[in-house]
$ cat work_18.pdb   # PDB, C-alpha atoms, pLDDT in the B column
ATOM      1  CA  MET S 208      76.992 155.864 100.582  1.00 53.00           C
ATOM      2  CA  SER S 209      75.540 154.657  97.340  1.00 61.00           C
ATOM      3  CA  ASP S 210      78.463 152.318  96.596  1.00 82.00           C
ATOM      4  CA  THR S 211      78.018 150.426  99.849  1.00 90.00           C
ATOM      5  CA  LYS S 212      76.692 146.953  99.252  1.00 94.00           C
ATOM      6  CA  LYS S 213      74.830 144.624 101.537  1.00 96.00           C
ATOM      7  CA  PHE S 214      76.924 141.497 102.125  1.00 96.00           C
ATOM      8  CA  MET S 215      75.535 138.486 103.937  1.00 98.00           C
ATOM      9  CA  TYR S 216      77.650 135.517 104.993  1.00 98.00           C
ATOM     10  CA  ILE S 217      75.557 132.369 105.334  1.00 98.00           C
ATOM     11  CA  ASN S 218      76.937 129.732 107.725  1.00 98.00           C
ATOM     12  CA  ARG S 219      75.421 126.244 107.645  1.00 98.00           C
ATOM     13  CA  LYS S 220      78.186 123.898 108.854  1.00 98.00           C
ATOM     14  CA  ALA S 221      79.260 122.800 112.324  1.00 98.00           C
ATOM     15  CA  PRO S 222      82.744 123.891 113.442  1.00 98.00           C
ATOM     16  CA  TYR S 223      85.771 121.509 113.523  1.00 98.00           C
ATOM     17  CA  GLY S 224      84.215 118.648 111.480  1.00 96.00           C
ATOM     18  CA  THR S 225      84.925 120.608 108.294  1.00 96.00           C
ATOM     19  CA  ILE S 226      86.957 123.750 107.563  1.00 97.00           C
ATOM     20  CA  TYR S 227      83.983 125.840 106.363  1.00 97.00           C
ATOM     21  CA  ALA S 228      83.307 127.637 109.658  1.00 98.00           C
ATOM     22  CA  TRP S 229      86.884 128.789 110.087  1.00 97.00           C
ATOM     23  CA  GLU S 230      87.203 129.799 106.431  1.00 97.00           C
ATOM     24  CA  SER S 231      84.037 131.855 106.730  1.00 98.00           C
ATOM     25  CA  LEU S 232      85.425 133.745 109.717  1.00 96.00           C
ATOM     26  CA  GLU S 233      88.639 134.475 107.824  1.00 95.00           C
ATOM     27  CA  VAL S 234      86.735 135.871 104.848  1.00 96.00           C
ATOM     28  CA  VAL S 235      84.428 137.908 107.094  1.00 96.00           C
ATOM     29  CA  LEU S 236      87.392 139.512 108.861  1.00 93.00           C
ATOM     30  CA  ILE S 237      89.190 140.274 105.594  1.00 91.00           C
ATOM     31  CA  GLY S 238      85.967 141.644 104.108  1.00 88.00           C
ATOM     32  CA  ALA S 239      85.454 143.903 107.137  1.00 87.00           C
ATOM     33  CA  ALA S 240      88.242 146.138 105.800  1.00 87.00           C
ATOM     34  CA  PHE S 241      86.089 147.088 102.796  1.00 89.00           C
ATOM     35  CA  GLU S 242      83.447 148.894 104.868  1.00 87.00           C
ATOM     36  CA  GLN S 243      80.391 147.253 103.396  1.00 92.00           C
ATOM     37  CA  ASP S 244      77.091 146.622 105.161  1.00 94.00           C
ATOM     38  CA  VAL S 245      77.891 143.176 106.532  1.00 96.00           C
ATOM     39  CA  SER S 246      75.662 140.642 108.254  1.00 97.00           C
ATOM     40  CA  LEU S 247      76.142 137.019 109.261  1.00 98.00           C
ATOM     41  CA  ALA S 248      73.476 134.328 109.237  1.00 98.00           C
ATOM     42  CA  PHE S 249      73.700 131.069 111.159  1.00 98.00           C
ATOM     43  CA  LEU S 250      71.292 128.292 110.269  1.00 98.00           C
ATOM     44  CA  ASP S 251      71.195 124.489 110.059  1.00 98.00           C
ATOM     45  CA  ASP S 252      74.358 123.077 111.725  1.00 98.00           C
ATOM     46  CA  GLY S 253      75.904 126.560 111.487  1.00 98.00           C
ATOM     47  CA  VAL S 254      74.210 127.428 114.788  1.00 98.00           C
ATOM     48  CA  PHE S 255      76.682 125.048 116.498  1.00 98.00           C
ATOM     49  CA  GLN S 256      79.502 127.477 115.608  1.00 98.00           C
ATOM     50  CA  LEU S 257      78.282 129.892 118.274  1.00 98.00           C
ATOM     51  CA  THR S 258      77.987 127.529 121.281  1.00 98.00           C
ATOM     52  CA  ARG S 259      79.650 128.857 124.414  1.00 98.00           C
ATOM     53  CA  GLY S 260      82.387 126.976 126.283  1.00 98.00           C
ATOM     54  CA  GLN S 261      84.157 125.348 123.335  1.00 98.00           C
ATOM     55  CA  ASP S 262      87.363 123.685 124.532  1.00 98.00           C
ATOM     56  CA  THR S 263      89.425 122.074 121.779  1.00 98.00           C
ATOM     57  CA  ARG S 264      92.474 121.091 123.845  1.00 98.00           C
ATOM     58  CA  GLY S 265      91.484 117.431 123.635  1.00 98.00           C
ATOM     59  CA  ILE S 266      91.292 117.286 119.834  1.00 97.00           C
ATOM     60  CA  GLY S 267      94.451 119.194 118.904  1.00 96.00           C
ATOM     61  CA  MET S 268      92.686 121.878 116.849  1.00 97.00           C
ATOM     62  CA  LYS S 269      92.652 125.648 117.213  1.00 97.00           C
ATOM     63  CA  ASN S 270      89.665 126.974 119.151  1.00 98.00           C
ATOM     64  CA  PHE S 271      88.505 129.819 116.907  1.00 98.00           C
ATOM     65  CA  SER S 272      85.251 130.455 118.797  1.00 98.00           C
ATOM     66  CA  PRO S 273      86.629 133.464 120.778  1.00 98.00           C
ATOM     67  CA  THR S 274      86.970 135.269 117.430  1.00 97.00           C
ATOM     68  CA  TYR S 275      83.175 135.657 117.161  1.00 98.00           C
ATOM     69  CA  ALA S 276      83.311 137.949 120.199  1.00 97.00           C
ATOM     70  CA  ALA S 277      85.694 140.255 118.283  1.00 96.00           C
ATOM     71  CA  LEU S 278      83.294 140.823 115.371  1.00 96.00           C
ATOM     72  CA  GLY S 279      81.667 143.755 117.176  1.00 95.00           C
ATOM     73  CA  ASP S 280      85.004 145.597 117.101  1.00 94.00           C
ATOM     74  CA  TYR S 281      84.919 145.349 113.302  1.00 93.00           C
ATOM     75  CA  GLU S 282      81.444 146.914 113.257  1.00 92.00           C
ATOM     76  CA  ILE S 283      79.882 143.584 112.404  1.00 95.00           C
ATOM     77  CA  ASN S 284      76.855 143.655 114.639  1.00 96.00           C
ATOM     78  CA  LYS S 285      74.073 141.999 112.677  1.00 98.00           C
ATOM     79  CA  ILE S 286      74.323 138.325 113.550  1.00 98.00           C
ATOM     80  CA  TYR S 287      71.151 136.472 112.640  1.00 98.00           C
ATOM     81  CA  VAL S 288      70.494 133.089 114.233  1.00 98.00           C
ATOM     82  CA  GLU S 289      67.639 131.046 112.855  1.00 98.00           C
ATOM     83  CA  LYS S 290      65.147 129.985 115.497  1.00 98.00           C
ATOM     84  CA  GLU S 291      63.991 126.777 113.802  1.00 98.00           C
ATOM     85  CA  SER S 292      67.557 125.464 113.461  1.00 98.00           C
ATOM     86  CA  LEU S 293      68.300 126.100 117.147  1.00 98.00           C
ATOM     87  CA  GLU S 294      65.114 124.407 118.337  1.00 98.00           C
ATOM     88  CA  GLU S 295      65.533 121.377 116.111  1.00 98.00           C
ATOM     89  CA  ARG S 296      68.970 120.809 117.682  1.00 98.00           C
ATOM     90  CA  GLY S 297      67.755 121.080 121.283  1.00 97.00           C
ATOM     91  CA  LEU S 298      69.478 124.442 121.816  1.00 97.00           C
ATOM     92  CA  THR S 299      68.347 127.849 123.067  1.00 97.00           C
ATOM     93  CA  LEU S 300      69.988 131.295 122.908  1.00 97.00           C
ATOM     94  CA  ASP S 301      71.402 130.591 126.401  1.00 97.00           C
ATOM     95  CA  ASP S 302      73.611 127.880 124.880  1.00 97.00           C
ATOM     96  CA  LEU S 303      75.246 130.456 122.599  1.00 98.00           C
ATOM     97  CA  GLN S 304      77.923 133.052 123.275  1.00 98.00           C
ATOM     98  CA  HIS S 305      76.654 136.461 124.338  1.00 97.00           C
ATOM     99  CA  LEU S 306      77.957 138.618 121.483  1.00 98.00           C
ATOM    100  CA  VAL S 307      77.848 142.409 121.853  1.00 97.00           C
ATOM    101  CA  TRP S 308      78.963 145.582 120.103  1.00 96.00           C
ATOM    102  CA  GLU S 309      79.485 149.154 121.322  1.00 96.00           C
ATOM    103  CA  ASP S 310      77.292 151.842 119.776  1.00 95.00           C
ATOM    104  CA  GLU S 311      79.468 154.956 119.460  1.00 92.00           C
ATOM    105  CA  ASP S 312      76.367 157.071 118.698  1.00 94.00           C
ATOM    106  CA  GLU S 313      75.013 156.215 122.150  1.00 95.00           C
ATOM    107  CA  ASP S 314      78.110 156.775 124.283  1.00 96.00           C
ATOM    108  CA  TYR S 315      79.444 153.323 123.504  1.00 95.00           C
ATOM    109  CA  ALA S 316      76.460 151.538 124.996  1.00 96.00           C
ATOM    110  CA  GLU S 317      76.842 147.762 124.789  1.00 96.00           C
ATOM    111  CA  LYS S 318      74.210 146.160 122.600  1.00 97.00           C
ATOM    112  CA  ASP S 319      73.421 142.575 121.622  1.00 97.00           C
ATOM    113  CA  SER S 320      74.697 141.491 118.221  1.00 97.00           C
ATOM    114  CA  ILE S 321      72.688 138.279 117.960  1.00 98.00           C
ATOM    115  CA  ARG S 322      69.157 138.577 116.612  1.00 98.00           C
ATOM    116  CA  LEU S 323      66.931 135.512 116.689  1.00 98.00           C
ATOM    117  CA  VAL S 324      64.940 135.302 113.437  1.00 98.00           C
ATOM    118  CA  SER S 325      62.460 132.873 111.951  1.00 98.00           C
ATOM    119  CA  ARG S 326      63.132 131.081 108.673  1.00 98.00           C
ATOM    120  CA  THR S 327      60.684 133.408 106.934  1.00 98.00           C
ATOM    121  CA  GLU S 328      62.400 136.498 108.348  1.00 98.00           C
ATOM    122  CA  LEU S 329      65.780 135.143 107.280  1.00 98.00           C
ATOM    123  CA  GLY S 330      64.437 134.637 103.780  1.00 98.00           C
ATOM    124  CA  ASP S 331      63.289 138.260 103.743  1.00 98.00           C
ATOM    125  CA  LEU S 332      66.739 139.406 104.888  1.00 98.00           C
ATOM    126  CA  MET S 333      68.441 137.326 102.195  1.00 98.00           C
ATOM    127  CA  ALA S 334      66.200 138.888  99.568  1.00 98.00           C
ATOM    128  CA  GLU S 335      67.421 142.366 100.604  1.00 97.00           C
ATOM    129  CA  GLN S 336      71.106 141.556 100.079  1.00 98.00           C
ATOM    130  CA  ASP S 337      73.332 142.519  97.153  1.00 97.00           C
ATOM    131  CA  VAL S 338      75.790 139.665  97.703  1.00 96.00           C
ATOM    132  CA  LEU S 339      75.445 136.298  99.465  1.00 97.00           C
ATOM    133  CA  PHE S 340      78.494 134.270 100.525  1.00 97.00           C
ATOM    134  CA  ASN S 341      77.928 130.647 101.442  1.00 98.00           C
ATOM    135  CA  PHE S 342      79.945 128.523 103.849  1.00 98.00           C
TER     136      PHE S 342
ATOM    137  CA  MET T 264      79.473  88.741 117.468  1.00 74.00           C
ATOM    138  CA  ALA T 265      78.977  92.269 118.660  1.00 95.00           C
ATOM    139  CA  MET T 266      79.747  95.197 116.406  1.00 97.00           C
ATOM    140  CA  LEU T 267      80.902  98.700 117.277  1.00 98.00           C
ATOM    141  CA  HIS T 268      79.244 101.328 115.067  1.00 98.00           C
ATOM    142  CA  LEU T 269      81.044 104.655 114.594  1.00 98.00           C
ATOM    143  CA  VAL T 270      79.207 107.770 113.436  1.00 98.00           C
ATOM    144  CA  ASN T 271      81.216 110.937 112.760  1.00 98.00           C
ATOM    145  CA  LYS T 272      78.648 113.136 110.953  1.00 98.00           C
ATOM    146  CA  SER T 273      75.949 115.398 112.335  1.00 98.00           C
ATOM    147  CA  PRO T 274      72.526 113.719 112.216  1.00 98.00           C
ATOM    148  CA  TYR T 275      71.172 117.005 110.854  1.00 97.00           C
ATOM    149  CA  ASP T 276      73.515 116.961 107.864  1.00 95.00           C
ATOM    150  CA  GLY T 277      73.227 113.427 106.559  1.00 95.00           C
ATOM    151  CA  SER T 278      71.711 110.007 107.095  1.00 97.00           C
ATOM    152  CA  SER T 279      74.575 108.189 108.873  1.00 97.00           C
ATOM    153  CA  LEU T 280      73.038 108.130 112.346  1.00 98.00           C
ATOM    154  CA  ASN T 281      69.607 107.241 111.026  1.00 97.00           C
ATOM    155  CA  THR T 282      70.967 104.283 109.059  1.00 97.00           C
ATOM    156  CA  ALA T 283      73.341 103.087 111.797  1.00 98.00           C
ATOM    157  CA  ALA T 284      70.690 103.260 114.507  1.00 97.00           C
ATOM    158  CA  SER T 285      68.156 101.349 112.476  1.00 96.00           C
ATOM    159  CA  ILE T 286      70.547  98.600 111.342  1.00 97.00           C
ATOM    160  CA  MET T 287      72.137  97.899 114.749  1.00 97.00           C
ATOM    161  CA  LYS T 288      71.549  94.491 116.367  1.00 96.00           C
ATOM    162  CA  SER T 289      70.999  93.871 120.052  1.00 95.00           C
ATOM    163  CA  GLY T 290      74.377  93.735 121.796  1.00 96.00           C
ATOM    164  CA  ASP T 291      75.917  96.199 119.319  1.00 98.00           C
ATOM    165  CA  LYS T 292      77.366  99.478 120.528  1.00 98.00           C
ATOM    166  CA  LEU T 293      77.266 102.947 119.013  1.00 98.00           C
ATOM    167  CA  LEU T 294      80.076 105.474 119.489  1.00 98.00           C
ATOM    168  CA  LEU T 295      79.504 109.052 118.344  1.00 98.00           C
ATOM    169  CA  ILE T 296      82.659 110.972 117.409  1.00 98.00           C
ATOM    170  CA  GLU T 297      83.512 114.320 115.747  1.00 98.00           C
ATOM    171  CA  ASP T 298      80.293 115.996 114.474  1.00 98.00           C
ATOM    172  CA  GLY T 299      78.443 112.789 115.345  1.00 98.00           C
ATOM    173  CA  VAL T 300      78.346 113.914 118.995  1.00 98.00           C
ATOM    174  CA  TYR T 301      75.588 116.416 118.124  1.00 98.00           C
ATOM    175  CA  GLY T 302      73.279 113.404 117.825  1.00 98.00           C
ATOM    176  CA  ALA T 303      73.336 112.909 121.604  1.00 98.00           C
ATOM    177  CA  ILE T 304      71.915 116.317 122.599  1.00 98.00           C
ATOM    178  CA  LYS T 305      68.791 115.989 124.719  1.00 96.00           C
ATOM    179  CA  ASN T 306      65.706 117.616 123.159  1.00 95.00           C
ATOM    180  CA  GLY T 307      67.331 117.522 119.754  1.00 97.00           C
ATOM    181  CA  LYS T 308      65.103 116.220 116.991  1.00 96.00           C
ATOM    182  CA  SER T 309      67.441 113.274 116.388  1.00 96.00           C
ATOM    183  CA  ALA T 310      67.642 112.188 120.051  1.00 97.00           C
ATOM    184  CA  ALA T 311      64.783 109.727 119.561  1.00 97.00           C
ATOM    185  CA  LEU T 312      66.982 107.695 117.190  1.00 97.00           C
ATOM    186  CA  LEU T 313      69.051 106.604 120.204  1.00 98.00           C
ATOM    187  CA  ASN T 314      66.149 105.027 122.099  1.00 96.00           C
ATOM    188  CA  GLY T 315      67.035 101.551 123.331  1.00 96.00           C
ATOM    189  CA  LEU T 316      70.611 101.686 122.017  1.00 97.00           C
ATOM    190  CA  ASN T 317      73.895 101.380 123.906  1.00 98.00           C
ATOM    191  CA  VAL T 318      75.454 104.758 123.118  1.00 98.00           C
ATOM    192  CA  SER T 319      78.797 106.372 123.973  1.00 98.00           C
ATOM    193  CA  VAL T 320      80.220 109.726 122.894  1.00 98.00           C
ATOM    194  CA  LEU T 321      83.855 110.794 122.673  1.00 98.00           C
ATOM    195  CA  GLY T 322      84.478 113.357 125.444  1.00 98.00           C
ATOM    196  CA  PRO T 323      87.167 115.475 123.723  1.00 98.00           C
ATOM    197  CA  ASP T 324      84.881 115.956 120.694  1.00 98.00           C
ATOM    198  CA  LEU T 325      82.011 117.018 122.976  1.00 98.00           C
ATOM    199  CA  ALA T 326      84.199 119.516 124.835  1.00 98.00           C
ATOM    200  CA  ALA T 327      85.531 121.002 121.600  1.00 98.00           C
ATOM    201  CA  ARG T 328      81.967 121.712 120.526  1.00 98.00           C
ATOM    202  CA  GLY T 329      80.890 123.290 123.805  1.00 98.00           C
ATOM    203  CA  ILE T 330      78.339 120.585 124.616  1.00 97.00           C
ATOM    204  CA  SER T 331      78.312 119.886 128.355  1.00 96.00           C
ATOM    205  CA  GLU T 332      77.514 116.503 129.865  1.00 95.00           C
ATOM    206  CA  ASP T 333      74.175 117.648 131.297  1.00 95.00           C
ATOM    207  CA  ARG T 334      72.897 118.389 127.774  1.00 96.00           C
ATOM    208  CA  LEU T 335      73.083 114.759 126.727  1.00 98.00           C
ATOM    209  CA  VAL T 336      70.333 112.189 126.392  1.00 97.00           C
ATOM    210  CA  ASP T 337      70.011 110.161 129.625  1.00 96.00           C
ATOM    211  CA  GLY T 338      72.021 106.943 129.639  1.00 96.00           C
ATOM    212  CA  VAL T 339      74.676 108.069 127.166  1.00 98.00           C
ATOM    213  CA  THR T 340      78.216 107.285 128.355  1.00 98.00           C
ATOM    214  CA  ILE T 341      81.183 109.607 127.811  1.00 98.00           C
ATOM    215  CA  VAL T 342      84.481 107.928 126.934  1.00 98.00           C
ATOM    216  CA  ASP T 343      88.008 109.260 126.377  1.00 98.00           C
ATOM    217  CA  TYR T 344      90.456 108.045 123.717  1.00 98.00           C
ATOM    218  CA  ALA T 345      91.477 105.066 125.891  1.00 98.00           C
ATOM    219  CA  GLY T 346      87.786 104.175 126.221  1.00 98.00           C
ATOM    220  CA  PHE T 347      87.505 104.347 122.412  1.00 98.00           C
ATOM    221  CA  VAL T 348      90.292 101.766 122.153  1.00 98.00           C
ATOM    222  CA  ASP T 349      88.598  99.584 124.784  1.00 98.00           C
ATOM    223  CA  LEU T 350      85.382  99.609 122.741  1.00 98.00           C
ATOM    224  CA  VAL T 351      87.234  98.620 119.574  1.00 98.00           C
ATOM    225  CA  GLU T 352      88.907  95.801 121.448  1.00 97.00           C
ATOM    226  CA  ALA T 353      85.704  94.562 123.094  1.00 97.00           C
ATOM    227  CA  ASN T 354      83.792  94.223 119.829  1.00 97.00           C
ATOM    228  CA  GLU T 355      84.494  91.739 117.106  1.00 97.00           C
ATOM    229  CA  LYS T 356      83.972  94.202 114.261  1.00 97.00           C
ATOM    230  CA  VAL T 357      83.998  97.954 113.755  1.00 98.00           C
ATOM    231  CA  GLN T 358      81.664  99.567 111.252  1.00 98.00           C
ATOM    232  CA  SER T 359      82.410 103.221 110.373  1.00 98.00           C
ATOM    233  CA  TRP T 360      79.393 104.977 108.866  1.00 97.00           C
ATOM    234  CA  LEU T 361      81.354 107.552 106.881  1.00 94.00           C
TER     235      LEU T 361
END
$ encode --input "work_18.pdb" --output "structure tokens"
Amino acid sequence: MSDTKKFMYINRKAPYGTIYAWESLEVVLIGAAFEQDVSLAFLDDGVFQLTRGQDTRGIGMKNFSPTYAALGDYEINKIYVEKESLEERGLTLDDLQHLVWEDEDEDYAEKDSIRLVSRTELGDLMAEQDVLFNF
Amino acid sequence: MAMLHLVNKSPYDGSSLNTAASIMKSGDKLLLIEDGVYGAIKNGKSAALLNGLNVSVLGPDLAARGISEDRLVDGVTIVDYAGFVDLVEANEKVQSWL
């Protein structure tokens, strides 16, 4: 469709310390209704949003991390994680949630949503977008 | 005359930990809370800032962020909210690096 735009949501903040991460998720989910070509990028402290095993019972805040696993159901399956940001923080992909989506063109085969990209590759992806949202 | 230093910001998103760590005197203690707990991850670029310091992290803030105990720099102590209060009480002053 020619009127479909490429939307990228850029996430650079850690969860819980500020409201940005949660607000981003809210906007992504609302935006999913508009059937655009959506992708999410996680870089800098944004990579901390995707850590597995978050348990917020001790700090009295809502644990919104399970919501990332629902993105695949909204056909949001391009989740770019920047390699340099992960490494700098002592993390690997194994520290992150395993996010998947079901490809209905291939008999609902489960596929990985997270794609590890370099800073250069992320820059290339940003250059391809029509709209960038920053959180 | 010991001082308790509190850092609540990520070391990758500001200079709080860098400044606190370099200004601390021997006998002082550092407690990482909120996004400050990311500073205690082993193999993280900022982990070297903690060398030689007496460092604690607030357990509930670690758990919220999905960082398990085995990911921390060796020698870092985990405290709960009661332990936070004990640290405040045991030190003459508290310096919050906001």
$ closest_residue --input "work_18.pdb" --among "T:Gly346, T:Met264, T:Leu321, T:Ala326" --to "chain S" --atoms "all atoms listed in the file"
T:Ala326
$ residues_around --input "work_18.pdb" --residues "range 272-277 of chain T" --least-positions-apart "5" --cutoff "7 Å" --atoms "all atoms listed in the file" --output "PyMOL selection string"
(chain S and resi 252) or (chain T and resi 297-299+301-302+309)
$ interface_residues --input "work_18.pdb" --of "chain S" --to "chain T" --cutoff "12 Å" --atoms "only C-alpha atoms" --output "PyMOL selection string"
chain S and resi 219-225+250-272+291-299+302-304
$ closest_residue --input "work_18.pdb" --among "T:Leu350, T:Ala265, T:Val270, T:Leu313" --to "Gly338 in chain T" --atoms "all atoms listed in the file"
T:Leu313
$ resolve_selection --input "work_18.pdb" --expression "the PyMOL selection byres ((chain S and resi 323) around 9)" --output "list in words"
Ile286, Tyr287, Val288, Glu289, Lys290, Leu300, Ile321, Arg322, Val324 and Ser325 of chain S
$ resolve_selection --input "work_18.pdb" --expression "the PyMOL selection byres ((chain T and resi 339) around 10)" --output "PyMOL selection string"
chain T and resi 293-294+303-304+313+316-320+332+335-338+340-342
$ atom_distance --input "work_18.pdb" --atom1 "CA of Val338 in chain S" --atom2 "CA of Glu311 in chain S"
26.8 Å
$ atom_distance --input "work_18.pdb" --atom1 "CA of Phe342 in chain S" --atom2 "CA of Tyr227 in chain S"
5.5 Å
$ residues_around --input "work_18.pdb" --residues "Val351 in chain T" --least-positions-apart "5" --cutoff "10 Å" --atoms "all atoms listed in the file" --output "ChimeraX atom specification"
/T:266-269,292,294,345-346,356-357
$ write_last_selection --input "work_18.pdb" --atoms "C-alpha atoms" --output "compact mmCIF listing (two decimals), in the frame of the given file"
# COMPACT_ATOMS: atom_id res chain seq x y z
CA MET T 266 79.75 95.20 116.41
CA LEU T 267 80.90 98.70 117.28
CA HIS T 268 79.24 101.33 115.07
CA LEU T 269 81.04 104.66 114.59
CA LYS T 292 77.37 99.48 120.53
CA LEU T 294 80.08 105.47 119.49
CA ALA T 345 91.48 105.07 125.89
CA GLY T 346 87.79 104.18 126.22
CA LYS T 356 83.97 94.20 114.26
CA VAL T 357 84.00 97.95 113.76
$ resolve_selection --input "work_18.pdb" --expression "the PyMOL selection byres ((chain S and resi 333) around 12)" --output "list of chain:residue names"
S:Lys213, S:Phe214, S:Met215, S:Tyr216, S:Ile217, S:Val245, S:Ser246, S:Leu247, S:Ala248, S:Tyr287, S:Val324, S:Arg326, S:Thr327, S:Glu328, S:Leu329, S:Gly330, S:Asp331, S:Leu332, S:Ala334, S:Glu335, S:Gln336, S:Asp337, S:Val338, S:Leu339, S:Phe340, S:Asn341
$ atom_distance --input "work_18.pdb" --atom1 "CA of Asp319 in chain S" --atom2 "CA of Glu230 in chain S"
24.2 Å
$ axis_aligned_box --input "work_18.pdb" --around "range 252-268 of chain S" --padding-each-side "3 Å" --output "AutoDock Vina command-line options"
--center_x 84.3 --center_y 123.6 --center_z 118.9 --size_x 26.2 --size_y 18.6 --size_z 20.8
$ build_atoms --input "work_18.pdb" --residues "range 276-299 of chain S" --atoms "N, CA and C atoms" --output "mmCIF file, in the coordinates of the input"
data_model
loop_
_atom_site.group_PDB
_atom_site.id
_atom_site.type_symbol
_atom_site.label_atom_id
_atom_site.label_comp_id
_atom_site.auth_asym_id
_atom_site.auth_seq_id
_atom_site.Cartn_x
_atom_site.Cartn_y
_atom_site.Cartn_z
ATOM 1 N N ALA S 276 83.517 136.841 119.265
ATOM 2 C CA ALA S 276 83.311 137.949 120.199
ATOM 3 C C ALA S 276 84.012 139.220 119.727
ATOM 4 N N ALA S 277 84.964 139.091 118.787
ATOM 5 C CA ALA S 277 85.694 140.255 118.283
ATOM 6 C C ALA S 277 84.976 140.920 117.113
ATOM 7 N N LEU S 278 83.947 140.278 116.570
ATOM 8 C CA LEU S 278 83.294 140.823 115.371
ATOM 9 C C LEU S 278 82.716 142.215 115.616
ATOM 10 N N GLY S 279 82.230 142.450 116.836
ATOM 11 C CA GLY S 279 81.667 143.755 117.176
ATOM 12 C C GLY S 279 82.669 144.886 116.987
ATOM 13 N N ASP S 280 83.948 144.590 117.255
ATOM 14 C CA ASP S 280 85.004 145.597 117.101
ATOM 15 C C ASP S 280 85.249 145.946 115.633
ATOM 16 N N TYR S 281 84.799 145.087 114.744
ATOM 17 C CA TYR S 281 84.919 145.349 113.302
ATOM 18 C C TYR S 281 83.617 145.902 112.738
ATOM 19 N N GLU S 282 82.759 146.375 113.627
ATOM 20 C CA GLU S 282 81.444 146.914 113.257
ATOM 21 C C GLU S 282 80.572 145.889 112.545
ATOM 22 N N ILE S 283 80.776 144.645 112.892
ATOM 23 C CA ILE S 283 79.882 143.584 112.404
ATOM 24 C C ILE S 283 78.958 143.248 113.566
ATOM 25 N N ASN S 284 77.750 143.781 113.482
ATOM 26 C CA ASN S 284 76.855 143.655 114.639
ATOM 27 C C ASN S 284 75.466 143.138 114.260
ATOM 28 N N LYS S 285 75.346 142.625 113.063
ATOM 29 C CA LYS S 285 74.073 141.999 112.677
ATOM 30 C C LYS S 285 74.322 140.508 112.492
ATOM 31 N N ILE S 286 74.091 139.760 113.564
ATOM 32 C CA ILE S 286 74.323 138.325 113.550
ATOM 33 C C ILE S 286 72.976 137.637 113.727
ATOM 34 N N TYR S 287 72.487 137.078 112.633
ATOM 35 C CA TYR S 287 71.151 136.472 112.640
ATOM 36 C C TYR S 287 71.254 134.973 112.909
ATOM 37 N N VAL S 288 70.531 134.515 113.915
ATOM 38 C CA VAL S 288 70.494 133.089 114.233
ATOM 39 C C VAL S 288 69.081 132.594 113.978
ATOM 40 N N GLU S 289 68.967 131.532 113.213
ATOM 41 C CA GLU S 289 67.639 131.046 112.855
ATOM 42 C C GLU S 289 67.041 130.194 113.971
ATOM 43 N N LYS S 290 65.850 130.592 114.367
ATOM 44 C CA LYS S 290 65.147 129.985 115.497
ATOM 45 C C LYS S 290 64.851 128.497 115.268
ATOM 46 N N GLU S 291 64.356 128.176 114.095
ATOM 47 C CA GLU S 291 63.991 126.777 113.802
ATOM 48 C C GLU S 291 65.198 125.854 113.913
ATOM 49 N N SER S 292 66.354 126.301 113.425
ATOM 50 C CA SER S 292 67.557 125.464 113.461
ATOM 51 C C SER S 292 67.996 125.206 114.897
ATOM 52 N N LEU S 293 67.938 126.254 115.732
ATOM 53 C CA LEU S 293 68.300 126.100 117.147
ATOM 54 C C LEU S 293 67.393 125.082 117.822
ATOM 55 N N GLU S 294 66.094 125.261 117.652
ATOM 56 C CA GLU S 294 65.114 124.407 118.337
ATOM 57 C C GLU S 294 65.247 122.948 117.923
ATOM 58 N N GLU S 295 65.416 122.736 116.624
ATOM 59 C CA GLU S 295 65.533 121.377 116.111
ATOM 60 C C GLU S 295 66.713 120.648 116.741
ATOM 61 N N ARG S 296 67.756 121.390 117.115
ATOM 62 C CA ARG S 296 68.970 120.809 117.682
ATOM 63 C C ARG S 296 68.969 120.799 119.205
ATOM 64 N N GLY S 297 67.854 121.120 119.818
ATOM 65 C CA GLY S 297 67.755 121.080 121.283
ATOM 66 C C GLY S 297 68.504 122.203 121.969
ATOM 67 N N LEU S 298 68.736 123.316 121.245
ATOM 68 C CA LEU S 298 69.478 124.442 121.816
ATOM 69 C C LEU S 298 68.570 125.644 122.024
ATOM 70 N N THR S 299 69.002 126.554 122.910
ATOM 71 C CA THR S 299 68.347 127.849 123.067
ATOM 72 C C THR S 299 69.429 128.928 122.974
#
